[in-house]
$ cat run-v4.csv   # CSV, C-alpha atoms
chain,number,residue,atom,x,y,z
A,1,MET,CA,-18.5,12.4,17.1
A,2,ALA,CA,-19.2,10.3,20.1
A,3,LEU,CA,-17.1,7.4,18.8
A,4,VAL,CA,-13.9,9.4,19.2
A,5,ALA,CA,-14.2,9.8,22.9
A,6,GLY,CA,-12.5,7.4,25.2
A,7,PRO,CA,-10.5,4.7,23.4
A,8,LEU,CA,-8.6,6.8,20.9
A,9,ARG,CA,-6.6,9.3,22.9
A,10,ALA,CA,-3.7,11.1,21.1
A,11,ASP,CA,-1.3,9.2,23.4
A,12,ALA,CA,-2.9,5.8,22.8
A,13,PRO,CA,-0.1,3.2,23.0
A,14,PHE,CA,-0.7,2.0,19.4
A,15,VAL,CA,-0.6,5.6,18.0
A,16,PRO,CA,2.8,7.0,19.1
A,17,GLN,CA,3.6,10.6,18.8
A,18,LYS,CA,5.6,11.7,15.8
A,19,ALA,CA,9.0,13.2,16.4
A,20,GLY,CA,9.8,16.7,15.1
A,21,GLY,CA,11.2,16.8,11.6
A,22,VAL,CA,9.7,13.5,10.7
A,23,VAL,CA,7.0,12.9,8.0
A,24,ARG,CA,4.3,10.3,8.8
A,25,LEU,CA,3.1,8.4,5.8
A,26,ALA,CA,0.0,6.1,6.0
A,27,THR,CA,-2.4,4.0,3.9
A,28,TYR,CA,-5.7,2.7,5.0
A,29,HIS,CA,-8.2,0.5,3.2
A,30,ALA,CA,-11.2,2.2,4.6
A,31,GLU,CA,-14.0,0.3,2.8
A,32,LEU,CA,-16.0,3.5,2.4
A,33,THR,CA,-17.9,2.2,-0.6
A,34,ARG,CA,-21.6,2.0,-1.0
A,35,ARG,CA,-24.1,0.3,-3.3
A,36,GLY,CA,-24.7,3.4,-5.5
A,37,PRO,CA,-23.3,6.8,-6.4
A,38,GLY,CA,-23.9,9.6,-4.0
A,39,LEU,CA,-24.7,7.3,-1.0
A,40,LEU,CA,-21.3,7.7,0.6
A,41,LEU,CA,-21.8,11.5,0.7
A,42,GLY,CA,-25.2,11.1,2.3
A,43,ASP,CA,-23.7,8.8,5.0
A,44,ILE,CA,-20.9,11.3,5.7
A,45,LEU,CA,-23.4,14.1,6.1
A,46,LYS,CA,-25.7,12.2,8.4
A,47,GLY,CA,-22.9,11.0,10.7
A,48,ASP,CA,-22.8,7.4,9.7
A,49,PRO,CA,-21.1,5.4,12.5
A,50,GLN,CA,-18.6,3.6,10.2
A,51,VAL,CA,-17.6,6.9,8.6
A,52,GLU,CA,-17.1,8.5,12.0
A,53,ALA,CA,-15.0,5.4,13.1
A,54,VAL,CA,-12.8,5.8,10.0
A,55,ALA,CA,-12.4,9.5,10.7
A,56,ALA,CA,-11.5,8.8,14.4
A,57,LEU,CA,-8.8,6.4,13.4
A,58,VAL,CA,-7.2,8.8,11.0
A,59,ALA,CA,-7.4,11.6,13.5
A,60,ALA,CA,-5.7,9.4,16.1
A,61,ALA,CA,-2.9,8.4,13.7
A,62,ARG,CA,-2.4,11.9,12.5
A,63,PRO,CA,-0.5,11.1,9.3
A,64,ASP,CA,1.0,13.9,7.3
A,65,ILE,CA,0.3,12.2,4.0
A,66,LEU,CA,-2.5,9.6,3.8
A,67,LEU,CA,-3.7,7.3,0.9
A,68,LEU,CA,-7.2,6.0,1.4
A,69,THR,CA,-8.3,3.0,-0.7
A,70,GLY,CA,-11.8,1.7,-1.1
A,71,VAL,CA,-13.4,5.2,-1.2
A,72,ASP,CA,-16.2,6.0,-3.6
A,73,HIS,CA,-15.3,8.7,-6.0
A,74,ASP,CA,-17.5,11.6,-7.3
A,75,GLY,CA,-16.4,13.9,-10.0
A,76,ALA,CA,-16.9,17.1,-7.9
A,77,GLY,CA,-15.0,15.7,-4.9
A,78,HIS,CA,-17.9,16.4,-2.5
A,79,ALA,CA,-17.6,13.1,-0.6
A,80,LEU,CA,-13.8,13.5,-0.1
A,81,SER,CA,-14.2,17.2,1.0
A,82,ALA,CA,-16.9,16.2,3.5
A,83,LEU,CA,-14.8,13.3,4.8
A,84,ALA,CA,-11.8,15.6,5.3
A,85,GLU,CA,-13.9,18.0,7.2
A,86,VAL,CA,-15.1,15.2,9.6
A,87,ILE,CA,-11.5,14.1,10.1
A,88,GLY,CA,-10.4,17.7,10.8
A,89,GLU,CA,-13.0,18.1,13.6
A,90,ALA,CA,-10.9,15.7,15.7
A,91,GLY,CA,-7.5,15.6,14.2
A,92,PRO,CA,-5.3,16.9,11.3
A,93,ARG,CA,-6.6,19.1,8.5
A,94,TYR,CA,-5.8,18.1,5.0
A,95,PRO,CA,-6.3,21.1,2.7
A,96,HIS,CA,-4.6,19.3,-0.2
A,97,ARG,CA,-6.5,16.4,-1.7
A,98,LEU,CA,-6.5,14.3,-4.9
A,99,ALA,CA,-9.2,11.9,-6.1
A,100,LEU,CA,-8.8,11.1,-9.8
A,101,ARG,CA,-11.5,9.1,-11.6
A,102,PRO,CA,-10.7,5.4,-11.0
A,103,ASN,CA,-11.1,2.5,-13.4
A,104,SER,CA,-13.3,0.7,-11.0
A,105,GLY,CA,-16.9,0.7,-12.3
A,106,LEU,CA,-15.8,2.3,-15.6
A,107,ARG,CA,-18.1,0.7,-18.2
A,108,THR,CA,-16.6,-1.1,-21.2
A,109,GLY,CA,-19.6,-2.4,-23.0
A,110,LEU,CA,-17.8,-5.8,-23.4
A,111,ASP,CA,-17.8,-9.1,-21.6
A,112,MET,CA,-14.6,-8.7,-19.5
A,113,ASP,CA,-15.0,-11.8,-17.3
A,114,GLY,CA,-15.9,-14.4,-19.9
A,115,ASP,CA,-19.4,-15.3,-18.5
A,116,GLY,CA,-21.1,-14.4,-21.8
A,117,ARG,CA,-22.9,-11.3,-20.4
A,118,THR,CA,-22.1,-7.6,-20.4
A,119,GLY,CA,-23.0,-4.8,-18.1
A,120,ASP,CA,-22.1,-6.5,-14.8
A,121,ALA,CA,-19.8,-5.1,-12.1
A,122,ARG,CA,-17.0,-7.5,-13.4
A,123,ASP,CA,-17.4,-6.1,-16.9
A,124,ALA,CA,-16.1,-2.7,-16.0
A,125,GLN,CA,-12.4,-1.8,-16.3
A,126,GLY,CA,-12.1,-2.6,-12.6
A,127,TYR,CA,-14.8,-4.3,-10.5
A,128,GLY,CA,-17.5,-1.8,-9.5
A,129,ARG,CA,-21.2,-1.5,-9.4
A,130,PHE,CA,-21.0,2.0,-10.7
A,131,PRO,CA,-18.4,4.4,-12.1
A,132,GLY,CA,-16.1,5.5,-9.2
A,133,ALA,CA,-16.9,2.7,-6.8
A,134,GLY,CA,-14.1,2.1,-4.4
A,135,GLY,CA,-11.5,4.5,-5.7
A,136,LEU,CA,-8.4,6.2,-4.2
A,137,ALA,CA,-8.1,9.4,-2.3
A,138,LEU,CA,-4.8,11.1,-1.3
A,139,LEU,CA,-4.8,13.6,1.5
A,140,SER,CA,-1.9,15.8,2.4
A,141,ARG,CA,-1.0,18.6,4.8
A,142,TRP,CA,1.2,20.1,2.1
A,143,PRO,CA,0.7,21.2,-1.5
A,144,LEU,CA,0.5,18.6,-4.2
A,145,GLY,CA,2.5,19.0,-7.5
A,146,GLU,CA,1.3,18.0,-10.9
A,147,GLU,CA,0.3,14.3,-10.9
A,148,THR,CA,1.0,11.7,-13.5
A,149,ASP,CA,-1.8,9.2,-13.9
A,150,LEU,CA,-0.8,5.8,-15.3
A,151,SER,CA,-4.4,4.4,-14.9
A,152,GLU,CA,-5.1,4.4,-18.7
A,153,LEU,CA,-2.1,2.2,-19.5
A,154,LEU,CA,-3.2,-0.9,-21.4
A,155,TRP,CA,-2.3,-4.1,-19.7
A,156,ARG,CA,-0.9,-5.6,-22.9
A,157,ASP,CA,1.4,-2.6,-23.3
A,158,VAL,CA,3.2,-3.2,-20.0
A,159,PRO,CA,6.8,-4.6,-20.5
A,160,GLY,CA,6.7,-8.4,-20.1
A,161,ALA,CA,2.9,-8.5,-19.9
A,162,VAL,CA,1.4,-11.9,-19.4
A,163,LEU,CA,-2.3,-11.8,-20.1
A,164,PRO,CA,-4.8,-14.6,-19.5
A,165,VAL,CA,-5.7,-17.2,-22.1
A,166,HIS,CA,-8.4,-19.8,-22.7
A,167,PRO,CA,-7.4,-23.5,-22.5
A,168,ASN,CA,-6.9,-23.4,-26.3
A,169,GLY,CA,-4.5,-20.5,-26.1
A,170,GLU,CA,-6.9,-17.9,-27.3
A,171,PRO,CA,-6.9,-14.5,-25.5
A,172,PHE,CA,-9.2,-14.5,-22.5
A,173,PRO,CA,-12.0,-13.3,-22.6
A,174,SER,CA,-11.5,-12.1,-26.1
A,175,GLU,CA,-9.0,-10.2,-28.3
A,176,GLU,CA,-11.5,-7.3,-28.4
A,177,ALA,CA,-11.5,-7.1,-24.6
A,178,GLN,CA,-7.7,-7.3,-24.3
A,179,ALA,CA,-7.4,-4.5,-26.8
A,180,ILE,CA,-9.0,-2.1,-24.3
A,181,TRP,CA,-8.2,-3.8,-21.0
A,182,ARG,CA,-6.3,-1.4,-18.7
A,183,LEU,CA,-3.8,-2.7,-16.2
A,184,SER,CA,-5.1,-0.6,-13.3
A,185,SER,CA,-8.2,-2.1,-11.7
A,186,THR,CA,-8.4,1.1,-9.7
A,187,GLY,CA,-5.5,3.5,-10.4
A,188,HIS,CA,-1.8,4.1,-10.4
A,189,TRP,CA,-0.7,7.7,-9.6
A,190,ILE,CA,2.6,9.5,-9.3
A,191,VAL,CA,2.1,12.6,-7.1
A,192,PRO,CA,4.9,14.9,-6.0
A,193,ILE,CA,4.3,16.7,-2.6
A,194,ARG,CA,6.1,19.9,-1.7
A,195,LEU,CA,7.4,19.6,1.8
A,196,PRO,CA,7.8,22.6,4.1
A,197,GLY,CA,11.2,24.3,3.8
A,198,PRO,CA,13.6,25.9,3.5
A,199,PRO,CA,15.2,24.2,1.7
A,200,GLU,CA,12.4,23.3,-0.8
A,201,ARG,CA,12.0,19.6,-0.9
A,202,HIS,CA,9.7,17.1,-2.6
A,203,LEU,CA,8.5,13.6,-1.7
A,204,THR,CA,6.9,11.7,-4.5
A,205,ILE,CA,4.0,9.3,-3.7
A,206,LEU,CA,3.4,6.3,-5.8
A,207,ALA,CA,-0.2,5.4,-5.0
A,208,TYR,CA,-2.3,2.4,-6.1
A,209,ALA,CA,-4.8,-0.3,-5.2
A,210,ALA,CA,-4.7,-3.7,-7.0
A,211,THR,CA,-7.4,-6.2,-7.6
A,212,PRO,CA,-7.8,-9.2,-5.3
A,213,PRO,CA,-6.2,-12.2,-7.0
A,214,VAL,CA,-9.3,-14.3,-6.7
A,215,PHE,CA,-12.9,-14.5,-8.0
A,216,ASP,CA,-11.8,-15.8,-11.4
A,217,GLY,CA,-11.4,-19.1,-13.1
A,218,PRO,CA,-8.6,-21.4,-14.3
A,219,GLU,CA,-7.4,-18.6,-16.6
A,220,ASP,CA,-6.3,-16.7,-13.4
A,221,ALA,CA,-7.2,-13.4,-14.9
A,222,ASN,CA,-7.3,-11.6,-11.5
A,223,GLY,CA,-4.2,-13.4,-10.3
A,224,LEU,CA,-2.2,-12.3,-13.3
A,225,ARG,CA,-3.5,-8.8,-13.2
A,226,SER,CA,-3.0,-8.3,-9.4
A,227,ALA,CA,0.7,-9.4,-9.8
A,228,ALA,CA,1.1,-7.1,-12.8
A,229,GLU,CA,-0.3,-4.1,-10.9
A,230,THR,CA,2.2,-4.5,-8.2
A,231,GLY,CA,5.0,-5.2,-10.7
A,232,LEU,CA,4.3,-2.0,-12.5
A,233,TRP,CA,6.2,0.0,-9.9
A,234,ARG,CA,9.4,-2.0,-10.5
A,235,SER,CA,9.0,-1.4,-14.3
A,236,LEU,CA,8.6,2.3,-13.5
A,237,LEU,CA,11.8,2.4,-11.3
A,238,ASP,CA,13.6,0.4,-14.1
A,239,GLY,CA,12.8,3.2,-16.6
A,240,ALA,CA,10.9,0.7,-18.7
A,241,LEU,CA,7.8,2.9,-19.1
A,242,ASP,CA,7.2,6.0,-21.2
A,243,VAL,CA,7.4,7.9,-17.9
A,244,PRO,CA,10.6,9.1,-16.2
A,245,PRO,CA,11.2,7.2,-12.9
A,246,PRO,CA,10.8,9.3,-9.8
A,247,GLU,CA,13.8,10.8,-8.2
A,248,PRO,CA,14.3,9.9,-4.6
A,249,PRO,CA,12.9,10.4,-2.1
A,250,PHE,CA,9.6,8.6,-2.9
A,251,ALA,CA,7.3,6.1,-1.3
A,252,ILE,CA,4.9,3.5,-2.5
A,253,LEU,CA,1.5,3.6,-0.7
A,254,GLY,CA,-1.5,1.4,-1.2
A,255,ARG,CA,-3.2,-2.0,-1.2
A,256,ALA,CA,-1.4,-4.7,-3.1
A,257,ASN,CA,-3.9,-7.3,-2.2
A,258,LEU,CA,-1.0,-9.7,-2.0
A,259,ALA,CA,0.6,-11.2,1.1
A,260,PRO,CA,4.3,-12.1,1.0
A,261,SER,CA,4.0,-15.5,2.7
A,262,ARG,CA,0.4,-16.8,2.4
A,263,GLY,CA,-2.9,-16.6,0.7
A,264,ASP,CA,-3.9,-16.8,-3.0
A,265,GLY,CA,-2.2,-14.8,-5.6
A,266,ARG,CA,1.2,-14.7,-7.2
A,267,ARG,CA,3.2,-13.9,-4.1
A,268,GLU,CA,6.5,-13.5,-6.0
A,269,ALA,CA,5.2,-10.1,-7.2
A,270,ILE,CA,5.0,-8.6,-3.7
A,271,GLY,CA,8.1,-10.5,-2.7
A,272,ALA,CA,10.1,-8.9,-5.5
A,273,LEU,CA,8.9,-5.4,-4.5
A,274,LEU,CA,9.6,-5.9,-0.8
A,275,SER,CA,13.2,-7.1,-1.6
A,276,ASP,CA,13.9,-4.4,-4.2
A,277,PRO,CA,17.1,-2.6,-3.0
A,278,ARG,CA,15.6,0.8,-4.1
A,279,LEU,CA,13.0,0.4,-1.4
A,280,ARG,CA,12.8,-0.2,2.3
A,281,ASP,CA,10.3,-2.4,4.1
A,282,PRO,CA,9.6,-1.0,7.5
A,283,GLU,CA,7.9,-4.3,8.5
A,284,PRO,CA,5.2,-2.5,10.6
A,285,LEU,CA,3.7,-4.4,13.5
A,286,GLY,CA,0.4,-4.2,15.3
A,287,GLU,CA,0.1,-4.6,19.1
A,288,SER,CA,0.0,-8.4,18.7
A,289,GLY,CA,3.5,-8.3,17.0
A,290,THR,CA,2.3,-9.3,13.6
A,291,PRO,CA,2.4,-7.2,10.3
A,292,VAL,CA,-1.1,-8.2,9.1
A,293,THR,CA,-3.3,-5.3,7.8
A,294,ALA,CA,-6.6,-7.0,6.9
A,295,ASP,CA,-9.1,-8.9,9.0
A,296,PHE,CA,-10.6,-11.6,6.8
A,297,THR,CA,-11.2,-14.2,9.6
A,298,ASP,CA,-14.9,-14.4,8.9
A,299,PRO,CA,-15.1,-15.7,6.3
A,300,ALA,CA,-11.6,-17.1,5.5
A,301,PRO,CA,-8.8,-16.7,4.4
A,302,GLY,CA,-7.8,-15.1,7.7
A,303,ASP,CA,-5.6,-12.2,8.7
A,304,MET,CA,-3.2,-11.1,6.0
A,305,ARG,CA,-0.7,-8.3,5.2
A,306,LEU,CA,-2.2,-6.6,2.1
A,307,ASP,CA,-1.4,-2.9,2.6
A,308,TYR,CA,2.0,-1.3,2.3
A,309,VAL,CA,4.0,1.9,2.9
A,310,LEU,CA,7.4,1.3,1.2
A,311,PRO,CA,9.8,4.3,1.4
A,312,SER,CA,12.7,4.7,-1.0
A,313,ALA,CA,16.0,3.4,0.3
A,314,ASP,CA,17.4,6.9,1.0
A,315,LEU,CA,14.8,7.7,3.6
A,316,GLY,CA,15.5,7.1,7.3
A,317,ILE,CA,12.9,5.0,9.1
A,318,ARG,CA,12.0,6.4,12.5
A,319,GLY,CA,9.0,4.2,13.3
A,320,SER,CA,6.2,2.1,11.8
A,321,GLY,CA,3.1,0.3,12.9
A,322,VAL,CA,-0.3,-1.1,12.2
A,323,LEU,CA,-3.3,0.3,14.0
A,324,TRP,CA,-4.6,-3.0,15.4
A,325,PRO,CA,-4.8,-2.9,19.2
A,326,GLU,CA,-5.6,-6.0,21.2
A,327,THR,CA,-7.7,-4.3,23.8
A,328,GLU,CA,-8.2,-0.6,24.1
A,329,GLY,CA,-9.6,0.9,20.9
A,330,LEU,CA,-10.3,-2.5,19.3
A,331,GLU,CA,-14.0,-2.1,19.1
A,332,LEU,CA,-13.7,1.2,17.2
A,333,VAL,CA,-11.1,-0.3,14.8
A,334,GLU,CA,-13.3,-3.2,14.0
A,335,ALA,CA,-16.3,-0.8,13.5
A,336,ALA,CA,-14.4,1.2,10.9
A,337,SER,CA,-13.2,-1.4,8.4
A,338,ARG,CA,-11.8,-4.9,7.8
A,339,GLY,CA,-8.6,-3.0,6.8
A,340,ARG,CA,-6.1,-1.6,9.3
A,341,LEU,CA,-4.3,1.7,9.0
A,342,VAL,CA,-0.5,1.3,8.3
A,343,TRP,CA,1.9,4.1,9.1
A,344,THR,CA,5.6,4.8,8.7
A,345,ASP,CA,7.6,7.7,10.0
A,346,VAL,CA,10.4,8.8,7.7
A,347,GLU,CA,13.1,11.3,7.9
A,348,LEU,CA,14.6,12.9,4.9
$ encode --input "run-v4.csv" --output "structure tokens"
Amino acid sequence: MALVAGPLRADAPFVPQKAGGVVRLATYHAELTRRGPGLLLGDILKGDPQVEAVAALVAAARPDILLLTGVDHDGAGHALSALAEVIGEAGPRYPHRLALRPNSGLRTGLDMDGDGRTGDARDAQGYGRFPGAGGLALLSRWPLGEETDLSELLWRDVPGAVLPVHPNGEPFPSEEAQAIWRLSSTGHWIVPIRLPGPPERHLTILAYAATPPVFDGPEDANGLRSAAETGLWRSLLDGALDVPPPEPPFAILGRANLAPSRGDGRREAIGALLSDPRLRDPEPLGESGTPVTADFTDPAPGDMRLDYVLPSADLGIRGSGVLWPETEGLELVEAASRGRLVWTDVEL
């Protein structure tokens, strides 16, 4: 892995060492998605430079628990296993992994975006050219417990759901579509992880990736959905779902696709999550002193904070950051993804 050499040393200033007794949590929008099924696995096996750059960044950060977003899913998990092996060549090994079938690319047979056609990427349960495009992958140093998958929850069944409508007030795009429309554009998972003991302890990960709140029309379907995807975690913590809320300690990991202070979208949704007293916002910063996690400068809208690690309020924060160096290592970071890895060190 030639790209690993040089700029990403284990003691690189933007990748601090983790103290003993501390758990490092991270999320990273890796953009490991391709134009068709099976292509990602092929790229991993042939040593694709982008794949190796992603692996090098993960190896440098050395998180104990990592949620990757934007990773193509295959039913047998071959791509994730191959990726974990590449990461392990230069950094931590993740023997415990989870990649459930995402809603992205899951065909509906209906017109879900109101353009009068069916079978397009936007007509899937979540945007995707093929089933499994741009899914989630959870990697852990420690064993995973039995997960709860909320990804099949219908949008209209969520407490307080506000679904899009046509100008005449009729359901958008149709009543038929809303009857099968899932809230999760990719997935929402609840995954307990058994930490090393004694004593035996668990940390529950709430993992997700929401749709961008753009690429729609005046009905604001994506804007409404994106806000609802982030708002689902507060409904869970409130006990408003048919699923018991997680006992602390827990942490929300993933891509909200909402920035708290700028950009399109219903920013009140991420604002409410960041200010929830049951959570802590570590406010991670890159080398430049900003918390942005996505490089959308070309084209606009610019740099934005879209990815989050939000521990429960009972967890002690021992450090946090965004892997976005200004000089050393920048070329590798930019070669990997427009996303930036976000990490937080917590102490139980």
$ atom_distance --input "run-v4.csv" --atom1 "atom CA of Asp242 of chain A" --atom2 "atom CA of Leu100 of chain A"
20.3 Å
$ closest_residue --input "run-v4.csv" --among "A:Leu106, A:Ala61, A:Leu32, A:Leu144" --to "Asp48 of chain A" --atoms "all atoms listed in the file"
A:Leu32
$ residues_around --input "run-v4.csv" --residues "Pro159 of chain A" --least-positions-apart "2" --cutoff "7 Å" --atoms "only C-alpha atoms" --output "PyMOL selection string"
chain A and resi 157+161+240
$ write_last_selection --input "run-v4.csv" --atoms "C-alpha atoms" --output "mmCIF file, keeping the file's coordinate frame"
data_model
loop_
_atom_site.group_PDB
_atom_site.id
_atom_site.type_symbol
_atom_site.label_atom_id
_atom_site.label_comp_id
_atom_site.auth_asym_id
_atom_site.auth_seq_id
_atom_site.Cartn_x
_atom_site.Cartn_y
_atom_site.Cartn_z
ATOM 1 C CA ASP A 157 1.400 -2.600 -23.300
ATOM 2 C CA ALA A 161 2.900 -8.500 -19.900
ATOM 3 C CA ALA A 240 10.900 0.700 -18.700
#
$ closest_residue --input "run-v4.csv" --among "A:Pro131, A:Pro196, A:Gly329, A:Gly271" --to "Leu348 of chain A" --atoms "all atoms listed in the file"
A:Pro196
$ residues_around --input "run-v4.csv" --residues "Gly316 of chain A" --least-positions-apart "6" --cutoff "9 Å" --atoms "only C-alpha atoms" --output "PyMOL selection string"
chain A and resi 345-348
$ residues_near_point --input "run-v4.csv" --point "(-2.8, -4.9, -0.5)" --cutoff "6 Å" --atoms "all atoms listed in the file" --output "list in words"
Arg255, Ala256, Asn257, Leu258, Leu306 and Asp307 of chain A
$ closest_atom_pairs --input "run-v4.csv" --of "segment 82-143 of chain A" --to "segment 68-71 of chain A" --cutoff "10 Å" --atoms "all atoms listed in the file" --output "JSON lines"
{"residue": "A:Ala99", "atom": "CA", "partner": "A:Val71", "partner_atom": "CA", "distance": 9.3}
{"residue": "A:Gly132", "atom": "CA", "partner": "A:Val71", "partner_atom": "CA", "distance": 8.4}
{"residue": "A:Ala133", "atom": "CA", "partner": "A:Val71", "partner_atom": "CA", "distance": 7.1}
{"residue": "A:Gly134", "atom": "CA", "partner": "A:Gly70", "partner_atom": "CA", "distance": 4.0}
{"residue": "A:Gly135", "atom": "CA", "partner": "A:Val71", "partner_atom": "CA", "distance": 4.9}
{"residue": "A:Leu136", "atom": "CA", "partner": "A:Thr69", "partner_atom": "CA", "distance": 4.7}
{"residue": "A:Ala137", "atom": "CA", "partner": "A:Leu68", "partner_atom": "CA", "distance": 5.1}
{"residue": "A:Leu138", "atom": "CA", "partner": "A:Leu68", "partner_atom": "CA", "distance": 6.2}
{"residue": "A:Leu139", "atom": "CA", "partner": "A:Leu68", "partner_atom": "CA", "distance": 8.0}
